[in-house]
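Colleague: Enclosed is the structure file final_32.txt (compact mmCIF, C-alpha atoms).
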```
# COMPACT_ATOMS: atom_id res chain seq x y z
CA MET A 59 0.11 -3.86 5.18
CA THR A 60 1.10 -6.37 2.51
CA LEU A 61 4.66 -7.63 2.29
CA GLN A 62 6.05 -6.63 -1.08
CA GLY A 63 8.06 -8.84 -3.42
CA ILE A 64 7.31 -12.25 -1.93
CA LYS A 65 6.09 -15.09 -4.09
CA GLU A 66 3.00 -17.15 -3.32
CA HIS A 67 4.90 -20.04 -1.76
CA ASP A 68 7.48 -17.98 0.18
CA GLY A 69 5.25 -17.61 3.23
CA GLU A 70 4.57 -21.34 3.16
CA ILE A 71 8.31 -22.10 3.11
CA VAL A 72 9.19 -19.99 6.16
CA THR A 73 6.11 -21.26 7.98
CA GLN A 74 7.24 -24.83 7.33
CA ILE A 75 10.73 -24.07 8.69
CA VAL A 76 9.23 -22.78 11.94
CA ARG A 77 6.70 -25.60 12.21
CA GLU A 78 9.35 -28.29 11.69
CA ALA A 79 11.55 -26.73 14.37
CA GLY A 80 8.98 -27.94 16.90
CA THR A 81 9.04 -24.70 18.84
CA SER A 82 6.23 -22.91 20.66
CA PHE A 83 7.17 -19.87 18.57
CA TYR A 84 5.06 -21.29 15.72
CA HIS A 85 1.86 -21.14 17.78
CA GLY A 86 2.85 -18.02 19.71
CA MET A 87 3.08 -15.86 16.62
CA LYS A 88 -0.39 -16.89 15.47
CA ILE A 89 -1.78 -13.98 17.46
CA LEU A 90 -0.29 -11.65 14.82
CA GLU A 91 -2.05 -10.61 11.65
CA ALA A 92 -0.88 -12.52 8.56
CA ASP A 93 1.82 -10.16 7.24
CA ARG A 94 3.41 -9.62 10.62
CA ARG A 95 3.28 -13.35 11.36
CA ILE A 96 5.02 -14.23 8.09
CA ALA A 97 7.64 -11.55 8.75
CA MET A 98 8.33 -13.08 12.18
CA TYR A 99 8.53 -16.55 10.68
CA GLY A 100 11.06 -15.18 8.18
CA ILE A 101 13.17 -13.74 11.01
CA TYR A 102 12.96 -17.05 12.89
CA ALA A 103 13.94 -18.99 9.76
CA PHE A 104 16.99 -16.75 9.32
CA CYS A 105 17.97 -17.25 12.98
CA ARG A 106 17.46 -21.02 12.67
CA ILE A 107 19.67 -21.22 9.58
CA VAL A 108 22.60 -19.25 11.01
CA ASP A 109 22.29 -21.04 14.37
CA ASP A 110 22.49 -24.40 12.58
CA ILE A 111 25.66 -23.20 10.85
CA ALA A 112 27.21 -22.36 14.22
CA ASP A 113 26.26 -25.75 15.67
CA GLU A 114 27.17 -27.83 12.64
CA ASP A 115 29.97 -30.37 12.96
CA MET A 116 32.47 -28.85 10.56
CA ALA A 117 35.74 -26.94 10.68
CA LEU A 118 35.64 -23.36 11.99
CA PRO A 119 36.88 -21.81 8.70
CA LYS A 120 33.92 -23.41 6.88
CA LYS A 121 31.50 -22.14 9.52
CA ARG A 122 32.91 -18.64 9.24
CA ALA A 123 32.71 -18.78 5.45
CA ALA A 124 29.04 -19.82 5.66
CA LEU A 125 28.27 -17.05 8.16
CA ASP A 126 30.16 -14.52 6.03
CA ASP A 127 28.03 -15.59 3.09
CA TRP A 128 24.97 -14.67 5.15
CA ARG A 129 26.52 -11.33 6.03
CA ARG A 130 26.78 -10.60 2.32
CA ARG A 131 23.26 -11.87 1.67
CA ILE A 132 21.89 -9.51 4.33
CA ALA A 133 23.86 -6.63 2.82
CA ARG A 134 22.41 -7.45 -0.59
CA LEU A 135 18.90 -7.36 0.88
CA TYR A 136 19.44 -3.71 1.75
CA ALA A 137 20.52 -3.15 -1.84
CA GLY A 138 17.22 -4.69 -2.94
CA THR A 139 18.37 -8.19 -3.93
CA ALA A 140 16.76 -11.37 -2.56
CA GLU A 141 17.64 -14.90 -3.68
CA ASP A 142 15.19 -17.37 -2.13
CA SER A 143 12.05 -17.65 -0.04
CA VAL A 144 13.71 -16.71 3.25
CA THR A 145 15.47 -13.65 1.88
CA ARG A 146 12.40 -12.55 -0.09
CA VAL A 147 10.33 -12.63 3.10
CA LEU A 148 13.09 -10.78 4.94
CA ARG A 149 13.28 -8.14 2.20
CA GLY A 150 9.52 -7.65 2.42
CA ALA A 151 9.74 -7.32 6.21
CA ILE A 152 12.65 -4.88 5.96
CA GLN A 153 10.67 -2.65 3.64
CA ALA A 154 7.41 -2.89 5.57
CA TYR A 155 8.72 -2.48 9.10
CA LYS A 156 11.98 -0.53 8.67
CA LEU A 157 14.18 -3.27 10.10
CA LYS A 158 17.84 -2.36 10.61
CA GLU A 159 20.71 -4.17 8.93
CA ALA A 160 22.85 -3.81 12.06
CA ASP A 161 20.49 -6.07 14.00
CA PHE A 162 20.68 -8.88 11.43
CA GLN A 163 24.47 -8.55 11.38
CA ALA A 164 24.58 -8.60 15.18
CA ILE A 165 22.70 -11.91 15.20
CA ILE A 166 25.32 -13.38 12.85
CA ASP A 167 28.05 -12.01 15.15
CA GLY A 168 26.39 -13.83 18.04
CA MET A 169 26.29 -17.08 16.11
CA GLU A 170 29.98 -16.67 15.30
CA MET A 171 30.69 -16.42 19.04
CA ASP A 172 29.13 -19.88 19.38
CA ALA A 173 30.74 -21.27 16.22
CA GLY A 174 34.30 -21.37 17.50
CA ALA A 175 35.76 -22.63 20.74
CA ALA A 176 33.09 -23.42 23.32
CA ILE A 177 32.13 -20.45 25.49
CA ILE A 178 33.28 -21.28 29.02
CA ALA A 179 32.86 -18.88 31.96
CA PRO A 180 32.79 -15.64 29.95
CA PRO A 181 33.43 -12.31 31.70
CA LEU A 182 30.20 -10.45 32.48
CA GLU A 183 30.87 -7.93 29.73
CA MET A 184 31.24 -10.71 27.15
CA LEU A 185 28.11 -12.46 28.43
CA ASP A 186 26.13 -9.25 28.09
CA LEU A 187 27.41 -8.76 24.54
CA TYR A 188 26.45 -12.35 23.71
CA CYS A 189 22.94 -11.84 25.12
CA ASP A 190 22.57 -8.64 23.12
CA ARG A 191 23.58 -10.32 19.87
CA VAL A 192 21.65 -13.58 20.11
CA ALA A 193 18.55 -12.28 21.90
CA SER A 194 18.14 -8.51 22.17
CA ALA A 195 19.01 -8.01 18.49
CA VAL A 196 16.21 -10.45 17.63
CA GLY A 197 14.02 -8.45 19.97
CA ARG A 198 14.84 -5.17 18.20
CA LEU A 199 13.69 -6.68 14.91
CA SER A 200 10.63 -8.29 16.49
CA ILE A 201 9.41 -5.17 18.27
CA LEU A 202 9.27 -3.31 14.97
CA VAL A 203 7.33 -6.15 13.33
CA PHE A 204 4.93 -6.18 16.28
CA GLY A 205 4.19 -2.53 15.50
CA GLU A 206 6.12 -0.60 18.17
CA ALA A 207 8.72 1.79 16.75
CA SER A 208 9.17 3.94 19.86
CA ALA A 209 12.24 4.29 22.07
CA ALA A 210 10.29 2.48 24.79
CA GLY A 211 9.87 -0.45 22.40
CA GLN A 212 13.61 -0.61 21.94
CA ASP A 213 13.99 -0.58 25.72
CA VAL A 214 11.68 -3.60 25.86
CA ALA A 215 13.87 -5.40 23.32
CA TYR A 216 17.03 -4.58 25.30
CA ALA A 217 15.70 -5.84 28.63
CA LEU A 218 13.43 -8.67 27.55
CA GLY A 219 16.06 -10.15 25.23
CA ARG A 220 18.53 -10.33 28.09
CA ALA A 221 15.91 -11.71 30.48
CA LEU A 222 14.94 -14.48 28.07
CA GLN A 223 18.54 -15.42 27.25
CA LEU A 224 19.62 -15.52 30.89
CA THR A 225 16.61 -17.73 31.62
CA ASN A 226 17.71 -19.99 28.76
CA ILE A 227 21.16 -20.19 30.29
CA LEU A 228 19.73 -21.19 33.67
CA ARG A 229 17.38 -23.74 32.10
CA ASP A 230 20.16 -25.33 30.03
CA VAL A 231 23.10 -25.30 32.47
CA GLY A 232 23.26 -29.10 32.59
CA GLU A 233 22.70 -29.66 28.88
CA ASP A 234 25.29 -27.01 27.97
CA ALA A 235 27.84 -28.54 30.36
CA GLN A 236 27.45 -31.89 28.62
CA ARG A 237 28.36 -30.10 25.39
CA GLY A 238 31.43 -28.56 27.03
CA ARG A 239 29.89 -25.11 27.47
CA LEU A 240 29.42 -22.94 30.54
CA TYR A 241 27.71 -19.58 30.00
CA LEU A 242 27.76 -18.59 33.69
CA PRO A 243 30.01 -15.53 34.15
CA ALA A 244 33.54 -15.89 35.45
CA GLU A 245 33.03 -13.25 38.15
CA TYR A 246 30.07 -15.10 39.67
CA LEU A 247 31.85 -18.45 39.53
CA GLU A 248 34.99 -17.09 41.16
CA GLY A 249 32.96 -15.33 43.87
CA ALA A 250 31.26 -18.60 44.80
CA ALA A 251 34.40 -20.76 44.44
CA VAL A 252 32.83 -22.74 41.59
CA PRO A 253 35.33 -24.20 39.08
CA ALA A 254 35.32 -22.58 35.65
CA ASP A 255 34.97 -25.99 34.06
CA PRO A 256 31.62 -27.25 32.75
CA GLN A 257 31.62 -30.72 34.30
CA ALA A 258 33.31 -29.67 37.54
CA ALA A 259 30.87 -26.79 37.95
CA LEU A 260 27.93 -29.22 37.85
CA LEU A 261 29.40 -31.09 40.81
CA SER A 262 30.07 -28.00 42.91
CA PRO A 263 27.81 -27.56 45.95
CA HIS A 264 28.09 -23.81 45.39
CA LEU A 265 26.67 -23.80 41.86
CA PRO A 266 23.15 -22.90 43.13
CA ARG A 267 24.56 -19.61 44.49
CA VAL A 268 25.77 -18.67 41.02
CA MET A 269 22.51 -19.68 39.41
CA ALA A 270 20.56 -17.65 41.99
CA ARG A 271 22.55 -14.54 41.06
CA ILE A 272 21.77 -15.07 37.38
CA ALA A 273 18.10 -15.54 38.30
CA ASP A 274 18.18 -12.23 40.19
CA LEU A 275 19.67 -10.52 37.15
CA ALA A 276 17.12 -12.07 34.79
CA GLU A 277 14.24 -10.98 37.05
CA ARG A 278 15.56 -7.42 37.11
CA TYR A 279 15.53 -7.41 33.32
CA PHE A 280 12.00 -8.84 33.27
CA GLY A 281 10.99 -5.97 35.57
CA GLN A 282 12.65 -3.39 33.31
CA ALA A 283 10.91 -4.86 30.28
CA GLU A 284 7.52 -4.78 32.00
CA ALA A 285 8.02 -1.13 33.01
CA SER A 286 8.85 -0.19 29.42
CA MET A 287 5.88 -2.15 28.02
CA VAL A 288 3.53 0.16 29.94
CA GLN A 289 4.71 3.01 27.70
CA CYS A 290 4.01 1.04 24.50
CA ASP A 291 0.94 0.13 22.47
CA PRO A 292 -0.74 -2.77 24.34
CA LYS A 293 -1.61 -4.62 21.14
CA ALA A 294 1.98 -4.45 19.87
CA MET A 295 3.26 -5.68 23.23
CA ARG A 296 1.00 -8.73 23.36
CA PRO A 297 3.52 -11.16 21.79
CA ALA A 298 6.28 -9.80 24.04
CA ARG A 299 4.11 -10.28 27.13
CA LEU A 300 3.35 -13.84 26.10
CA MET A 301 7.06 -14.59 25.68
CA ALA A 302 7.76 -13.18 29.14
CA ALA A 303 4.87 -15.22 30.56
CA SER A 304 6.35 -18.37 28.99
CA TYR A 305 9.83 -17.88 30.42
CA LYS A 306 9.64 -16.01 33.72
CA PRO A 307 7.87 -18.86 35.57
CA LEU A 308 10.84 -21.14 34.81
CA ILE A 309 12.89 -19.09 37.26
CA GLY A 310 10.28 -19.73 39.93
CA ILE A 311 10.46 -23.46 39.27
CA LEU A 312 14.25 -23.37 39.62
CA ARG A 313 14.04 -21.36 42.84
CA ALA A 314 11.51 -23.80 44.30
CA ARG A 315 14.05 -26.60 44.00
CA ASP A 316 16.92 -24.38 45.20
CA PHE A 317 18.58 -24.63 41.78
CA ALA A 318 19.39 -28.28 42.44
CA SER A 319 19.52 -30.99 39.75
CA PRO A 320 20.85 -28.80 36.90
CA LEU A 321 20.61 -31.77 34.53
CA SER A 322 16.82 -31.70 34.90
CA ARG A 323 15.35 -28.93 32.74
CA PRO A 324 12.48 -26.98 34.32
CA ARG A 325 9.22 -27.20 32.41
CA LEU A 326 5.97 -25.30 32.64
CA PRO A 327 3.12 -27.29 34.20
CA LYS A 328 0.29 -28.31 31.90
CA TRP A 329 -2.13 -25.79 33.42
CA ARG A 330 0.28 -22.97 32.60
CA LYS A 331 0.63 -24.13 29.02
CA ALA A 332 -3.15 -24.33 28.76
CA TRP A 333 -3.47 -20.78 30.09
CA LEU A 334 -1.00 -19.51 27.51
CA ALA A 335 -2.87 -21.36 24.77
CA LEU A 336 -6.07 -19.61 25.85
CA GLN A 337 -4.35 -16.25 25.55
CA LEU A 338 -3.69 -17.02 21.89
CA LEU A 339 -7.42 -17.34 21.31
CA ARG A 340 -8.30 -14.01 22.88
CA PRO A 341 -8.90 -11.12 20.43
```
Just give me the structure as structure tokens.
Modeller:
Amino acid sequence: MTLQGIKEHDGEIVTQIVREAGTSFYHGMKILEADRRIAMYGIYAFCRIVDDIADEDMALPKKRAALDDWRRRIARLYAGTAEDSVTRVLRGAIQAYKLKEADFQAIIDGMEMDAGAAIIAPPLEMLDLYCDRVASAVGRLSILVFGEASAAGQDVAYALGRALQLTNILRDVGEDAQRGRLYLPAEYLEGAAVPADPQAALLSPHLPRVMARIADLAERYFGQAEASMVQCDPKAMRPARLMAASYKPLIGILRARDFASPLSRPRLPKWRKAWLALQLLRP
């Protein structure tokens, strides 16, 4: 299927955005056929742009104005109007893969949650909403681009998005705390007598208990995602399986060190990265 309405250089622009981000996503999506790959790069470019707005060092009203501008731009896409390379690629993807406006808007909502006051010890319900907006909404778009439009595919997006985001939270506890953020839920912190303060939480001897509970939750979501993948087209699920294979082992690394040293990010060993690279070469 050919993406309609994109200009010759539009694919090159979104590809460059992903490449320059220095993320494994660039190589991971190479397993997709060209149109689907460019559509995913367009979605990533959109996410990168709105995430940068949320993280930018400027007043909250300006951030909200910039995010609101993107809300309007997304709405215009569904009216058939695109303005630049990113939006032209998104419009082509929307038409080709029946992507839903609500998912793009949810991503912007998630970025707005990060744009204001730092998130510190959110209630579980708020944490789940955040995970849905910044991760599962991306998953709902991605699953359709991968070629899986079934209800089981949406179940994969729901569970895998949460699993990946919770793993991110565990991986980045120390880094987030240095930025004045603490995404661990208030209920878990209170239950383990860990202060709901980013820097104080890092010093608490009980922090590993909280992180272990988040790891348990993430692993349950990985399990739910894997169970739903069985009901889906194996080819369409290949990128999702690779993402799970890239993230799930990080939890094992954290468990092996008893969730100590939160300032030290867990990283996949070289052999694991090599194995994943080999999977990209398989037909």
Colleague: Considering only C-alpha atoms, give me a table of residues in region 269-320 of chain A that are at most 9 Å from region 83-107 of chain A, with the closest atom pair and distance in Å for each, as CSV.
Modeller:
```
residue,atom,partner,partner_atom,distance
A:Arg296,CA,A:Ile89,CA,8.4
A:Pro297,CA,A:Met87,CA,7.0
A:Leu300,CA,A:Gly86,CA,7.7
A:Met301,CA,A:Gly86,CA,8.1
```
Colleague: So, counting only C-alpha atoms, which residue among A:Ala303, A:Lys158, A:Ile201, A:Ala173 is closest to Ala123 (chain A)?
Modeller: A:Ala173
Colleague: To one decimal place, how far is CA of Ala176 (chain A) from CA of Ala193 (chain A) in Å?
Modeller: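 CA of Ala193 (chain A) lies at a distance of 18.4 Å from CA of Ala176 (chain A).
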Colleague: Identify the residues within 10 Å of coordinate (17.3, -24.1, 30.2) (same frame as the file), considering only C-alpha atoms, and give the answer as a PyMOL selection string.
Modeller: chain A and resi 223-234+305+308-309+312+320-325
Colleague: Identify which of the residues A:Val288, A:Met295, A:Ile178, A:Leu242 lies closest to Gly197 (chain A), counting only C-alpha atoms when measuring atom-to-atom distances.
Modeller: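 Smallest separation from Gly197 (chain A) among the options: A:Met295.
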Colleague: CA of Ala258 (chain A) to CA of Glu277 (chain A): how many Å, to one decimal?
Modeller: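 Going from CA of Ala258 (chain A) over to CA of Glu277 (chain A), I get 26.7 Å.
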Colleague: What does the distance between CA of His264 (chain A) and CA of Ala314 (chain A) come to in Å, to one decimal place?
Modeller: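 Here the two named atoms are 16.6 Å from each other.
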Colleague: A:Leu182, A:Ala217, A:Leu61, A:Ala285: which is nearest Glu245 (chain A), counting all atoms listed in the file?
Modeller: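 Nearest to Glu245 (chain A): A:Leu182.
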Colleague: From the list A:Pro263, A:Pro180, A:Gly63, A:Gly174, which residue is nearest Ala244 (chain A) when using all atoms listed in the file?
Modeller: A:Pro180
Colleague: I want to know what sits within 10 Å of Gln257 (chain A), based on all atoms listed in the file, with residues of the same chain fewer than 2 positions away left out; could you give that as a compact mmCIF listing (two decimals) with C-alpha atoms, in the coordinates of the input?
Modeller:
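Generated output (around-v3.txt):
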```
# COMPACT_ATOMS: atom_id res chain seq x y z
CA GLY A 232 23.26 -29.10 32.59
CA ASP A 234 25.29 -27.01 27.97
CA ALA A 235 27.84 -28.54 30.36
CA GLN A 236 27.45 -31.89 28.62
CA ARG A 237 28.36 -30.10 25.39
CA GLY A 238 31.43 -28.56 27.03
CA ARG A 239 29.89 -25.11 27.47
CA LEU A 240 29.42 -22.94 30.54
CA PRO A 253 35.33 -24.20 39.08
CA ALA A 254 35.32 -22.58 35.65
CA ASP A 255 34.97 -25.99 34.06
CA ALA A 259 30.87 -26.79 37.95
CA LEU A 260 27.93 -29.22 37.85
CA LEU A 261 29.40 -31.09 40.81
CA SER A 262 30.07 -28.00 42.91
```
Colleague: Can you pull out the residues contacting Asp316 (chain A)? Cut-off 9 Å, using only C-alpha atoms, and skip same-chain residues under 3 positions away; I want them as a PyMOL selection string.
Modeller: chain A and resi 266+270+311-313+319
Colleague: Please produce a file of the residues just selected, as an mmCIF file, keeping the file's coordinate frame, where the atoms kept are C-alpha atoms.
Modeller:
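out-v4.cif was written with the following content:
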```
data_model
loop_
_atom_site.group_PDB
_atom_site.id
_atom_site.type_symbol
_atom_site.label_atom_id
_atom_site.label_comp_id
_atom_site.auth_asym_id
_atom_site.auth_seq_id
_atom_site.Cartn_x
_atom_site.Cartn_y
_atom_site.Cartn_z
ATOM 1 C CA PRO A 266 23.150 -22.900 43.130
ATOM 2 C CA ALA A 270 20.560 -17.650 41.990
ATOM 3 C CA ILE A 311 10.460 -23.460 39.270
ATOM 4 C CA LEU A 312 14.250 -23.370 39.620
ATOM 5 C CA ARG A 313 14.040 -21.360 42.840
ATOM 6 C CA SER A 319 19.520 -30.990 39.750
#
```
Colleague: Starting from 3 Å padding per side, set up an axis-aligned box that covers all listed atoms of region 233-243 of chain A and hand over centre and edge lengths in Å, one decimal, as JSON.
Modeller:
```
{"center_x": 27.1, "center_y": -23.7, "center_z": 29.8, "size_x": 14.7, "size_y": 22.4, "size_z": 14.8}
```
Colleague: Determine, counting only C-alpha atoms, which protein, DNA and RNA residues have an atom within 12 Å of an atom of Gln163 (chain A); residues of the same chain fewer than 2 positions away are not included. Present the result as a ChimeraX atom specification.
Modeller: /A:104-105,108,125-133,135-136,157-161,165-170,190-192,195-196,199
Colleague: Need to verify the contact set: Gly249 (chain A), 12 Å, all atoms listed in the file, exclusion of same-chain residues closer than 6 positions in sequence. Can you return it as an MDAnalysis selection string?
Modeller: chainID A and resid 242:243 264:265 267:268 271
Colleague: In terms of the shortest atom-to-atom distance over all atoms listed in the file, which of A:Met269, A:Ile75, A:Val214, A:Met171 is closest to Leu187 (chain A)?
Modeller: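 That would be A:Met171, the residue with the smallest distance to Leu187 (chain A).
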